[in-house]
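Below is the file start_5.cif, which contains mmCIF, C-alpha atoms and all ligand atoms.
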```cif
data_entry
#
loop_
_atom_site.label_atom_id
_atom_site.label_comp_id
_atom_site.auth_asym_id
_atom_site.auth_seq_id
_atom_site.Cartn_x
_atom_site.Cartn_y
_atom_site.Cartn_z
CA MET F 696 0.00 0.00 0.00
CA THR F 697 1.30 3.45 -0.78
CA GLU F 698 1.50 6.17 1.77
CA MET F 699 -1.62 7.92 0.49
CA ALA F 700 -3.70 4.78 0.09
CA GLY F 701 -3.80 4.14 3.81
CA GLY F 702 -4.43 7.47 5.43
CA GLY F 703 -5.64 10.95 4.70
CA MET F 704 -4.58 13.10 1.81
CA ALA F 705 -1.09 14.48 2.33
CA GLU F 706 -0.49 18.21 2.16
CA PRO F 707 0.28 19.62 -1.28
CA LEU F 708 3.99 19.55 -1.96
CA LEU F 709 4.10 23.11 -3.19
CA PRO F 710 2.93 26.06 -1.17
CA GLU F 711 -0.25 27.51 -2.61
CA LEU F 712 0.06 29.32 -5.86
CA LYS F 713 2.17 32.42 -5.60
CA ALA F 714 1.11 35.62 -7.31
CA SER F 715 4.61 35.70 -8.77
CA ASP F 716 3.83 32.97 -11.31
CA ILE F 717 2.46 35.34 -13.89
CA LYS F 718 1.09 32.83 -16.39
CA SER F 719 -1.13 31.25 -13.75
CA LEU F 720 -3.02 34.47 -13.10
CA THR F 721 -6.52 35.18 -14.40
CA GLN F 722 -7.17 38.34 -16.36
CA GLU F 723 -8.73 39.94 -13.29
CA GLU F 724 -5.78 39.11 -11.08
CA LEU F 725 -3.43 40.38 -13.73
CA LEU F 726 -5.33 43.67 -13.84
CA ALA F 727 -4.75 44.10 -10.12
CA GLU F 728 -1.06 43.24 -10.43
CA VAL F 729 -0.55 45.62 -13.32
CA ALA F 730 -2.32 48.39 -11.39
CA SER F 731 -0.02 47.77 -8.44
CA LEU F 732 2.90 48.44 -10.77
CA GLY F 733 1.34 51.77 -11.69
CA GLU F 734 0.42 50.78 -15.25
CA LYS F 735 -2.80 51.32 -17.19
CA PRO F 736 -5.42 48.54 -17.44
CA PHE F 737 -4.92 48.06 -21.18
CA ARG F 738 -1.38 46.87 -20.46
CA ALA F 739 -2.86 43.93 -18.56
CA LYS F 740 -4.92 43.03 -21.61
CA GLN F 741 -1.88 43.19 -23.87
CA LEU F 742 0.14 41.13 -21.46
CA TYR F 743 -2.58 38.49 -21.17
CA GLN F 744 -2.82 38.31 -24.95
CA TRP F 745 0.94 37.84 -25.30
CA MET F 746 0.88 34.98 -22.81
CA HIS F 747 -2.30 33.15 -23.72
CA GLN F 748 -2.99 33.92 -27.37
CA LYS F 749 0.30 34.76 -28.99
CA LEU F 750 1.98 32.17 -26.74
CA ALA F 751 5.08 34.27 -26.13
CA ARG F 752 8.09 32.45 -24.74
CA GLY F 753 9.18 35.35 -22.59
CA TYR F 754 8.92 39.08 -21.93
CA ASP F 755 11.40 39.87 -24.72
CA GLU F 756 8.86 38.96 -27.36
CA MET F 757 6.28 41.44 -26.04
CA THR F 758 7.42 44.20 -28.32
CA ASN F 759 4.45 46.54 -27.86
CA LEU F 760 5.08 46.77 -24.11
CA PRO F 761 7.45 49.52 -22.96
CA LYS F 762 10.89 48.23 -22.07
CA ALA F 763 10.72 49.66 -18.54
CA PHE F 764 7.45 47.81 -17.92
CA ARG F 765 8.96 44.56 -19.18
CA GLU F 766 11.88 45.06 -16.81
CA LYS F 767 9.51 45.50 -13.88
CA LEU F 768 7.70 42.34 -14.86
CA ARG F 769 10.94 40.41 -15.11
CA GLU F 770 11.94 41.50 -11.63
CA LYS F 771 8.66 40.66 -9.98
CA TYR F 772 7.28 37.60 -11.76
CA THR F 773 8.56 34.29 -12.99
CA TYR F 774 7.56 33.36 -16.53
CA THR F 775 6.90 29.69 -17.23
CA SER F 776 8.10 28.51 -20.64
CA HIS F 777 9.18 24.91 -21.10
CA THR F 778 12.38 23.92 -22.79
CA LEU F 779 12.24 21.13 -25.34
CA VAL F 780 14.31 18.18 -24.15
CA GLU F 781 13.17 15.60 -26.68
CA ARG F 782 10.62 15.29 -29.47
CA ARG F 783 9.73 11.99 -31.10
CA VAL F 784 7.47 11.74 -34.12
CA SER F 785 5.72 8.49 -35.00
CA ALA F 786 6.24 7.32 -38.55
CA VAL F 787 3.04 5.30 -38.22
CA ASP F 788 0.36 7.85 -37.35
CA GLY F 789 2.00 11.26 -36.82
CA THR F 790 1.67 11.08 -33.03
CA GLU F 791 4.35 13.12 -31.27
CA LYS F 792 5.79 12.60 -27.81
CA TYR F 793 7.52 15.41 -26.02
CA LEU F 794 9.78 15.68 -23.03
CA PHE F 795 9.76 19.17 -21.57
CA GLY F 796 12.18 20.63 -19.06
CA LEU F 797 10.84 22.70 -16.14
CA SER F 798 12.65 25.59 -14.49
CA ASP F 799 13.65 23.43 -11.49
CA GLY F 800 15.24 20.75 -13.68
CA ASN F 801 12.36 18.26 -13.59
CA VAL F 802 11.12 16.78 -16.86
CA ILE F 803 7.55 15.98 -17.87
CA GLU F 804 5.98 14.12 -20.76
CA SER F 805 3.21 15.28 -23.12
CA VAL F 806 1.73 13.73 -26.25
CA LEU F 807 0.16 15.16 -29.41
CA MET F 808 -2.32 12.96 -31.26
CA ARG F 809 -3.68 13.87 -34.67
CA TYR F 810 -7.30 12.86 -35.31
CA HIS F 811 -9.74 13.63 -38.11
CA PHE F 812 -11.57 15.97 -35.71
CA GLY F 813 -8.45 17.93 -34.73
CA ASN F 814 -5.27 17.84 -32.70
CA SER F 815 -5.49 16.51 -29.18
CA VAL F 816 -2.84 16.96 -26.51
CA CYS F 817 -2.37 14.66 -23.53
CA ILE F 818 -0.78 16.51 -20.61
CA SER F 819 0.82 15.59 -17.31
CA SER F 820 -0.69 17.09 -14.16
CA GLN F 821 2.09 16.24 -11.67
CA VAL F 822 5.79 15.39 -11.69
CA GLY F 823 5.45 11.69 -10.88
CA CYS F 824 2.42 10.27 -9.08
CA ARG F 825 1.60 8.81 -5.66
CA MET F 826 -1.39 6.67 -6.59
CA GLY F 827 0.67 3.54 -7.10
CA CYS F 828 -1.34 1.73 -9.81
CA ARG F 829 0.51 -1.52 -10.33
CA PHE F 830 0.68 -1.47 -14.13
CA CYS F 831 1.61 2.19 -14.53
CA ALA F 832 5.14 3.45 -15.20
CA SER F 833 4.42 7.02 -14.02
CA THR F 834 4.04 6.07 -10.39
CA ILE F 835 7.17 4.00 -9.87
CA GLY F 836 9.32 6.87 -8.58
CA GLY F 837 6.47 8.33 -6.50
CA LEU F 838 5.36 11.95 -6.54
CA THR F 839 7.91 14.74 -6.82
CA ARG F 840 5.53 17.71 -6.91
CA ASN F 841 2.36 19.19 -8.30
CA LEU F 842 2.47 21.12 -11.55
CA LEU F 843 1.46 24.77 -11.51
CA PRO F 844 -1.42 25.85 -13.76
CA SER F 845 1.13 27.60 -15.98
CA GLU F 846 3.14 24.39 -16.24
CA MET F 847 0.07 22.49 -17.44
CA LEU F 848 -0.82 25.27 -19.87
CA ASP F 849 2.62 25.53 -21.37
CA GLN F 850 2.55 21.88 -22.43
CA VAL F 851 -0.31 22.82 -24.76
CA TYR F 852 1.24 26.15 -25.72
CA ALA F 853 4.66 24.68 -26.47
CA ILE F 854 3.16 22.00 -28.70
CA GLN F 855 1.07 24.55 -30.58
CA ARG F 856 4.18 26.75 -30.98
CA LEU F 857 6.35 23.87 -32.17
CA THR F 858 3.86 22.42 -34.66
CA GLY F 859 2.22 25.64 -35.78
CA GLU F 860 -1.07 23.70 -35.65
CA ARG F 861 -4.09 24.54 -33.50
CA VAL F 862 -4.75 22.29 -30.52
CA SER F 863 -8.51 21.78 -30.21
CA HIS F 864 -8.79 18.90 -27.74
CA LEU F 865 -7.17 18.07 -24.44
CA VAL F 866 -6.94 14.98 -22.27
CA VAL F 867 -5.47 15.04 -18.77
CA MET F 868 -4.20 11.48 -18.93
CA GLY F 869 -0.46 11.89 -18.72
CA THR F 870 1.65 11.44 -15.61
CA GLY F 871 -0.07 12.31 -12.34
CA GLU F 872 -3.48 12.23 -10.72
CA PRO F 873 -5.24 15.45 -11.77
CA LEU F 874 -7.69 15.43 -8.85
CA ASP F 875 -4.73 15.19 -6.45
CA ASN F 876 -3.76 18.62 -7.81
CA TYR F 877 -7.31 19.90 -7.80
CA ASP F 878 -7.01 23.69 -7.40
CA HIS F 879 -4.28 24.02 -9.98
CA LEU F 880 -6.21 21.79 -12.37
CA LEU F 881 -9.33 23.95 -12.13
CA ARG F 882 -7.40 27.13 -12.67
CA PHE F 883 -5.65 25.55 -15.64
CA ILE F 884 -9.00 24.56 -17.20
CA ARG F 885 -10.40 28.04 -16.70
CA LEU F 886 -7.37 29.62 -18.38
CA LEU F 887 -7.33 27.14 -21.26
CA THR F 888 -11.03 27.64 -21.99
CA ASP F 889 -10.93 31.42 -21.58
CA GLU F 890 -12.18 33.22 -24.67
CA ASN F 891 -9.21 35.56 -24.40
CA GLY F 892 -6.84 32.61 -24.39
CA LEU F 893 -6.80 29.52 -26.61
CA ASN F 894 -10.55 29.26 -26.06
CA ILE F 895 -10.65 25.47 -26.12
CA SER F 896 -14.19 24.21 -25.60
CA GLN F 897 -14.91 22.55 -22.25
CA ARG F 898 -16.62 19.78 -24.17
CA ASN F 899 -13.30 18.96 -25.82
CA ILE F 900 -11.58 18.36 -22.49
CA THR F 901 -11.37 15.01 -20.67
CA VAL F 902 -9.99 14.58 -17.17
CA SER F 903 -9.07 11.06 -16.13
CA THR F 904 -9.02 10.07 -12.46
CA CYS F 905 -8.26 6.94 -10.48
CA GLY F 906 -11.30 7.86 -8.38
CA LEU F 907 -10.80 10.31 -5.51
CA VAL F 908 -14.40 10.35 -4.34
CA GLU F 909 -14.54 13.72 -2.54
CA ARG F 910 -12.85 15.44 -5.43
CA ILE F 911 -15.19 13.91 -8.01
CA ARG F 912 -18.06 15.37 -6.00
CA ASP F 913 -16.34 18.76 -5.78
CA LEU F 914 -15.76 18.73 -9.52
CA ALA F 915 -19.40 17.84 -10.16
CA GLN F 916 -20.41 20.95 -8.25
CA GLU F 917 -18.30 23.11 -10.53
CA ARG F 918 -20.79 22.17 -13.25
CA LEU F 919 -18.18 22.26 -15.99
CA GLN F 920 -18.96 20.68 -19.34
CA ILE F 921 -15.81 18.58 -19.36
CA THR F 922 -15.84 14.78 -19.64
CA LEU F 923 -14.81 12.81 -16.60
CA ALA F 924 -13.10 9.48 -17.23
CA LEU F 925 -12.84 7.08 -14.33
CA SER F 926 -10.08 4.49 -14.27
CA LEU F 927 -12.09 1.47 -13.19
CA HIS F 928 -9.96 -1.49 -14.35
CA ALA F 929 -11.89 -4.07 -12.31
CA SER F 930 -15.47 -5.01 -11.61
CA SER F 931 -15.06 -5.96 -7.96
CA GLN F 932 -13.54 -4.24 -4.96
CA GLU F 933 -11.09 -7.12 -4.39
CA LYS F 934 -9.74 -7.15 -7.95
CA ARG F 935 -9.52 -3.38 -7.99
CA LYS F 936 -7.42 -3.45 -4.83
CA ALA F 937 -4.97 -5.80 -6.48
CA LEU F 938 -4.40 -3.35 -9.33
CA MET F 939 -4.98 0.03 -7.71
CA PRO F 940 -3.96 0.83 -4.12
CA VAL F 941 -6.40 3.74 -4.15
CA ALA F 942 -9.15 1.12 -3.84
CA TYR F 943 -8.03 0.53 -0.25
CA ARG F 944 -9.29 4.00 0.46
CA TYR F 945 -12.57 4.05 -1.44
CA GLU F 946 -15.25 1.40 -1.81
CA LEU F 947 -16.21 0.72 -5.41
CA GLY F 948 -19.85 1.52 -4.62
CA ASP F 949 -18.90 4.96 -3.32
CA VAL F 950 -16.77 5.66 -6.39
CA LEU F 951 -19.67 4.77 -8.70
CA ASP F 952 -22.10 6.84 -6.64
CA ALA F 953 -19.79 9.82 -7.11
CA CYS F 954 -19.78 9.14 -10.87
CA ARG F 955 -23.58 9.06 -10.94
CA TYR F 956 -23.57 12.34 -9.04
CA TYR F 957 -21.20 13.81 -11.62
CA PHE F 958 -23.63 12.89 -14.37
CA GLU F 959 -26.61 14.28 -12.44
CA GLN F 960 -24.90 17.59 -11.83
CA THR F 961 -23.34 18.12 -15.25
CA GLY F 962 -25.39 16.04 -17.68
CA ARG F 963 -22.09 14.74 -19.05
CA ARG F 964 -21.92 11.03 -19.85
CA MET F 965 -19.23 9.24 -17.84
CA THR F 966 -16.38 7.38 -19.48
CA PHE F 967 -14.94 4.33 -17.74
CA GLU F 968 -11.46 3.19 -18.60
CA TYR F 969 -10.75 -0.47 -18.26
CA SER F 970 -7.19 -1.65 -18.91
CA LEU F 971 -7.34 -5.29 -19.93
CA VAL F 972 -4.60 -7.27 -18.23
CA GLY F 973 -4.02 -10.81 -19.51
CA GLY F 974 -5.35 -13.40 -17.05
CA VAL F 975 -6.16 -10.79 -14.40
CA ASN F 976 -9.37 -8.97 -15.33
CA ASP F 977 -10.26 -10.20 -18.82
CA THR F 978 -12.45 -13.30 -18.32
CA PRO F 979 -16.08 -13.61 -19.53
CA GLN F 980 -17.03 -13.55 -15.84
CA ASP F 981 -15.26 -10.17 -15.47
CA ALA F 982 -17.18 -8.82 -18.49
CA TRP F 983 -20.47 -10.03 -17.06
CA GLN F 984 -19.74 -8.48 -13.66
CA LEU F 985 -18.72 -5.22 -15.30
CA ALA F 986 -21.94 -5.11 -17.30
CA LYS F 987 -23.93 -5.76 -14.13
CA LEU F 988 -22.03 -3.05 -12.28
CA LEU F 989 -22.60 -0.37 -14.91
CA GLY F 990 -25.92 -1.54 -16.31
CA GLY F 991 -28.46 1.24 -16.56
CA MET F 992 -25.85 3.97 -16.33
CA ASN F 993 -25.44 6.48 -19.13
CA CYS F 994 -21.80 5.71 -19.82
CA HIS F 995 -19.16 4.60 -22.23
CA ILE F 996 -16.44 2.05 -21.59
CA ASN F 997 -13.01 2.45 -23.12
CA LEU F 998 -11.06 -0.81 -23.15
CA ILE F 999 -7.29 -0.29 -23.06
CA PRO F 1000 -5.11 -3.32 -23.83
CA VAL F 1001 -2.54 -2.97 -21.05
CA ASN F 1002 0.78 -1.60 -22.19
CA PRO F 1003 3.35 -3.87 -20.53
CA ILE F 1004 6.11 -2.13 -18.56
CA LYS F 1005 9.41 -3.80 -17.83
CA GLU F 1006 9.15 -3.36 -14.05
CA ARG F 1007 6.03 -5.57 -13.85
CA ASP F 1008 5.12 -8.85 -15.42
CA TYR F 1009 1.62 -7.93 -16.58
CA VAL F 1010 0.85 -9.00 -20.14
CA GLN F 1011 -1.68 -7.93 -22.76
CA SER F 1012 -4.76 -10.04 -23.27
CA ASP F 1013 -4.91 -11.99 -26.55
CA GLN F 1014 -6.65 -10.24 -29.43
CA ASN F 1015 -9.49 -12.75 -29.40
CA VAL F 1016 -9.96 -12.35 -25.65
CA ILE F 1017 -10.20 -8.58 -26.09
CA ALA F 1018 -12.74 -8.97 -28.90
CA ALA F 1019 -14.78 -11.45 -26.85
CA PHE F 1020 -14.77 -9.11 -23.85
CA LYS F 1021 -16.06 -6.27 -26.00
CA ASN F 1022 -18.75 -8.45 -27.62
CA LYS F 1023 -19.98 -9.60 -24.28
CA LEU F 1024 -20.36 -6.04 -23.00
CA GLU F 1025 -22.18 -5.07 -26.20
CA LYS F 1026 -24.54 -7.98 -25.75
CA TYR F 1027 -25.50 -6.47 -22.41
CA GLY F 1028 -26.22 -3.18 -24.15
CA ILE F 1029 -23.08 -1.35 -22.97
CA ASN F 1030 -21.50 1.29 -25.15
CA VAL F 1031 -17.87 0.19 -25.60
CA THR F 1032 -14.80 0.92 -27.71
CA ILE F 1033 -11.26 -0.41 -27.75
CA ARG F 1034 -8.65 2.32 -27.48
CA ARG F 1035 -6.55 2.57 -30.60
CA GLU F 1036 -2.90 2.61 -29.72
CA MET F 1037 -1.16 5.74 -30.99
CA GLY F 1038 2.53 6.26 -31.57
CA ARG F 1039 3.39 2.66 -30.91
CA ASP F 1040 6.83 3.06 -32.47
CA ILE F 1041 7.96 5.99 -30.30
CA SER F 1042 8.19 4.48 -26.80
CA GLY F 1043 5.82 2.23 -24.93
CA ALA F 1044 3.46 2.93 -22.07
CA CYS F 1045 2.55 6.26 -20.54
CA GLY F 1046 5.39 7.74 -18.56
CA GLN F 1047 8.05 5.52 -20.06
CA LEU F 1048 9.74 8.20 -22.11
CA ARG F 1049 10.26 10.29 -18.98
CA LYS F 1050 11.30 7.30 -16.95
CA GLY F 1051 13.86 6.24 -19.55
CA TYR F 1052 15.26 9.77 -19.60
CA MET F 1053 15.51 9.92 -15.80
CA GLU F 1054 17.33 6.60 -15.65
CA LYS F 1055 19.87 7.82 -18.17
CA ASN F 1056 20.28 11.36 -16.88
CA ALA F 1057 19.33 11.65 -13.25
CA PRO F 1058 22.33 12.20 -11.01
CA HIS F 1059 22.82 9.60 -8.30
CA LYS F 1060 21.85 10.62 -4.80
CA GLU F 1061 25.38 9.79 -3.59
CA ASP F 1062 26.75 12.50 -5.85
CA GLY F 1063 25.14 14.98 -3.52
CA ILE F 1064 23.68 16.90 -6.43
CA LEU F 1065 20.03 16.26 -5.64
N1 LIG N 1 -4.19 9.33 -12.72
C1 LIG N 1 -5.19 9.38 -13.73
C2 LIG N 1 -4.70 9.76 -15.12
C3 LIG N 1 -3.41 9.21 -15.63
S1 LIG N 1 -3.34 7.63 -16.37
C4 LIG N 1 -5.95 8.07 -13.77
O1 LIG N 1 -5.63 7.16 -13.03
O2 LIG N 1 -6.93 7.98 -14.52
C5 LIG N 1 -4.42 7.55 -17.75
C6 LIG N 1 -5.00 6.15 -17.96
O3 LIG N 1 -4.00 5.23 -18.42
C7 LIG N 1 -5.56 5.54 -16.68
O4 LIG N 1 -6.77 4.89 -16.96
C8 LIG N 1 -4.48 4.55 -16.31
O5 LIG N 1 -4.96 3.59 -15.43
C9 LIG N 1 -4.05 4.04 -17.65
N2 LIG N 1 -2.74 3.39 -17.69
C10 LIG N 1 -1.61 3.75 -17.05
N3 LIG N 1 -0.60 2.90 -17.35
C11 LIG N 1 -1.10 2.00 -18.22
C12 LIG N 1 -0.57 0.88 -18.90
N4 LIG N 1 0.72 0.49 -18.73
N5 LIG N 1 -1.38 0.20 -19.71
C13 LIG N 1 -2.67 0.56 -19.88
N6 LIG N 1 -3.24 1.61 -19.28
C14 LIG N 1 -2.47 2.32 -18.45
#
```

Produce structure tokens that represent the structure in this file.
Amino acid sequence: MTEMAGGGMAEPLLPELKASDIKSLTQEELLAEVASLGEKPFRAKQLYQWMHQKLARGYDEMTNLPKAFREKLREKYTYTSHTLVERRVSAVDGTEKYLFGLSDGNVIESVLMRYHFGNSVCISSQVGCRMGCRFCASTIGGLTRNLLPSEMLDQVYAIQRLTGERVSHLVVMGTGEPLDNYDHLLRFIRLLTDENGLNISQRNITVSTCGLVERIRDLAQERLQITLALSLHASSQEKRKALMPVAYRYELGDVLDACRYYFEQTGRRMTFEYSLVGGVNDTPQDAWQLAKLLGGMNCHINLIPVNPIKERDYVQSDQNVIAAFKNKLEKYGINVTIRREMGRDISGACGQLRKGYMEKNAPHKEDGIL
């Protein structure tokens, strides 16, 4: 069991958002900051536009702002802009995986997927993760820290800058548990969907969670039009515990009640993710139990053939087992799809690109550099 699975939620690793992180501020907050520097309100508008529409990489690019004003900004506020550490492009389907460097030396992973309906970016919400899911590479080193709203935003901005293509969709399915970084996540969503920013539609945003019940209920009350995806992965409490330590903290029934509440409050159909692990949760009995569990709910199940990671000996289910599982669910009237694997040729499971990089580049603790 991980540290968080047993007890209460630990304190956030970063002190609450500081006003000095300029790209995390709303337009209103920015207005107040700019006024405190003795500048006119229209400067706040220009500044916001440079950050969130023109996607400037720093104050130097903001050529219509007076130099003295830019100097003041530089002194008072940090400006988040990721450095590109690595970019891999799939020869198969045009998917791109990125490693970005943060100002404190950490690296995070983001993915661009090209679909017929537009470009979708998958972002990380934390550096590492403390949820401990057994099959997931992102959680192996534990949680380092939460990402700031600006650090989530700049994954999207950097990819749009680098490709020159508009990002229209977003999934929060990279490294980290987004609801474990709740306040920063909400602020990020508000900035990303702001009509004076990239103006991405809430309906084009999906947040995936391992199921932090209180936070799902909080999110429901925000009444956003985003899609919530719940990582279910098992149809019984016992099996879920074996795959996801978070299940020691929340009963399956309570998790599903929170999902129903989310639907009631928002009218948004739930998505359930179910990673099929060979010989663990892929039997006809599992499919039947899953159908029984979700029967009558307005939902969609996304089956994900597990992506094996070298640290664990989980294997993918056979193709015919996957097809049979899907058929069985359909027979029970459940809406189900199998997730198409993107960018297969450019590194395996989620979080593996970052993990590989860390293993190669991270200094050893004994060196005293950390
Ligand atoms: N913490 C969030 C979001 C990050 S993971 C969550 O748990 O939902 C995004 C999805 O990928 C989750 O459903 C997760 O369980 C799944 N996942 C992670 N590693 C995987 C792997 N090796 N194979 C298949 N699915 C995986």

Contacts of ligand LIG 1 (chain N), 7 Å or closer, all atoms listed in the file, given as a ChimeraX atom specification: /F:828,830-832,867-873,903-905,924-926,968-970,999-1004,1044-1045

Surrounding residues of Glu946 (chain F) excluding itself and chain neighbours under 3 positions, 12 Å, only C-alpha atoms, as a list in words: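 Neighbouring residues, sequence-local ones excluded: Gly906, Leu907, Val908, Leu927, Ser930, Ser931, Gln932, Glu933, Lys934, Arg935, Lys936, Met939, Pro940, Val941, Ala942, Tyr943, Asp949, Val950, Leu951, Asp952 and Ala953 of chain F.
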
Contacts of region 839-856 of chain F at 6 Å (only C-alpha atoms; same-chain gap of 4+ positions) as a list in words: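 The residues satisfying every condition are Leu708, Lys718, Ser719, Ser820, Gln821, Val822, Gly823, Glu860, Arg861, His879 and Phe883 of chain F.
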
Option closest in space to Gly753 (chain F), from F:Gln916, F:Ala739, F:Thr773, F:Tyr810 [counting all atoms listed in the file]: F:Thr773

Option closest in space to Tyr774 (chain F), from F:Val802, F:Ile996, F:Met826, F:Leu720 [counting only C-alpha atoms]: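 Among F:Val802, F:Ile996, F:Met826, F:Leu720, it is F:Leu720 that comes nearest to Tyr774 (chain F).
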
Counting all atoms listed in the file, the residue of F:Ile911, F:Ile835, F:Leu971, F:Leu874 that sits nearest Ile1033 (chain F):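 Smallest separation from Ile1033 (chain F) among the options: F:Leu971.
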
Atom-to-atom span, CA of Arg1007 (chain F) and CA of Glu1036 (chain F), Å: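 Spanning CA of Arg1007 (chain F) to CA of Glu1036 (chain F) is a straight-line distance of 20.0 Å.
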
Nearest to Arg809 (chain F), chosen from F:Met992, F:Gly973, F:Pro761, F:Ser863, with all atoms listed in the file counted in the distances: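 Answer, going by the shortest atom-to-atom distance: F:Ser863.
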
Selection near Gln960 (chain F), 8 Å with all atoms listed in the file, sequence-local residues under 3 positions removed, as JSON, numbers by chain: {"F": [915, 916, 918, 956, 957]}

Of the listed residues F:Asp889, F:Glu791, F:Asp878, F:Glu804, that which approaches Leu914 (chain F) most closely, counting all atoms listed in the file: F:Asp878

Option closest in space to Ser819 (chain F), from F:Asn759, F:Ile1017, F:Asp788, F:Val902 [counting only C-alpha atoms]: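 Closest to Ser819 (chain F) of all the choices is F:Val902.
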
Contact residues around Gln748 (chain F) with all atoms listed in the file at 10 Å, ignoring same-chain residues under 3 positions, as a VMD selection string: chain F and resid 741 to 745 751 852 890 to 894

Atom pair CA of Asn814 (chain F) / CA of Thr790 (chain F): separation (Å):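 Interatomic distance here is 9.7 Å.
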
For CA of Asn1030 (chain F) and CA of Val816 (chain F), the interatomic separation in Å (one decimal):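 Result for CA of Asn1030 (chain F) versus CA of Val816 (chain F): 24.4 Å, one decimal.
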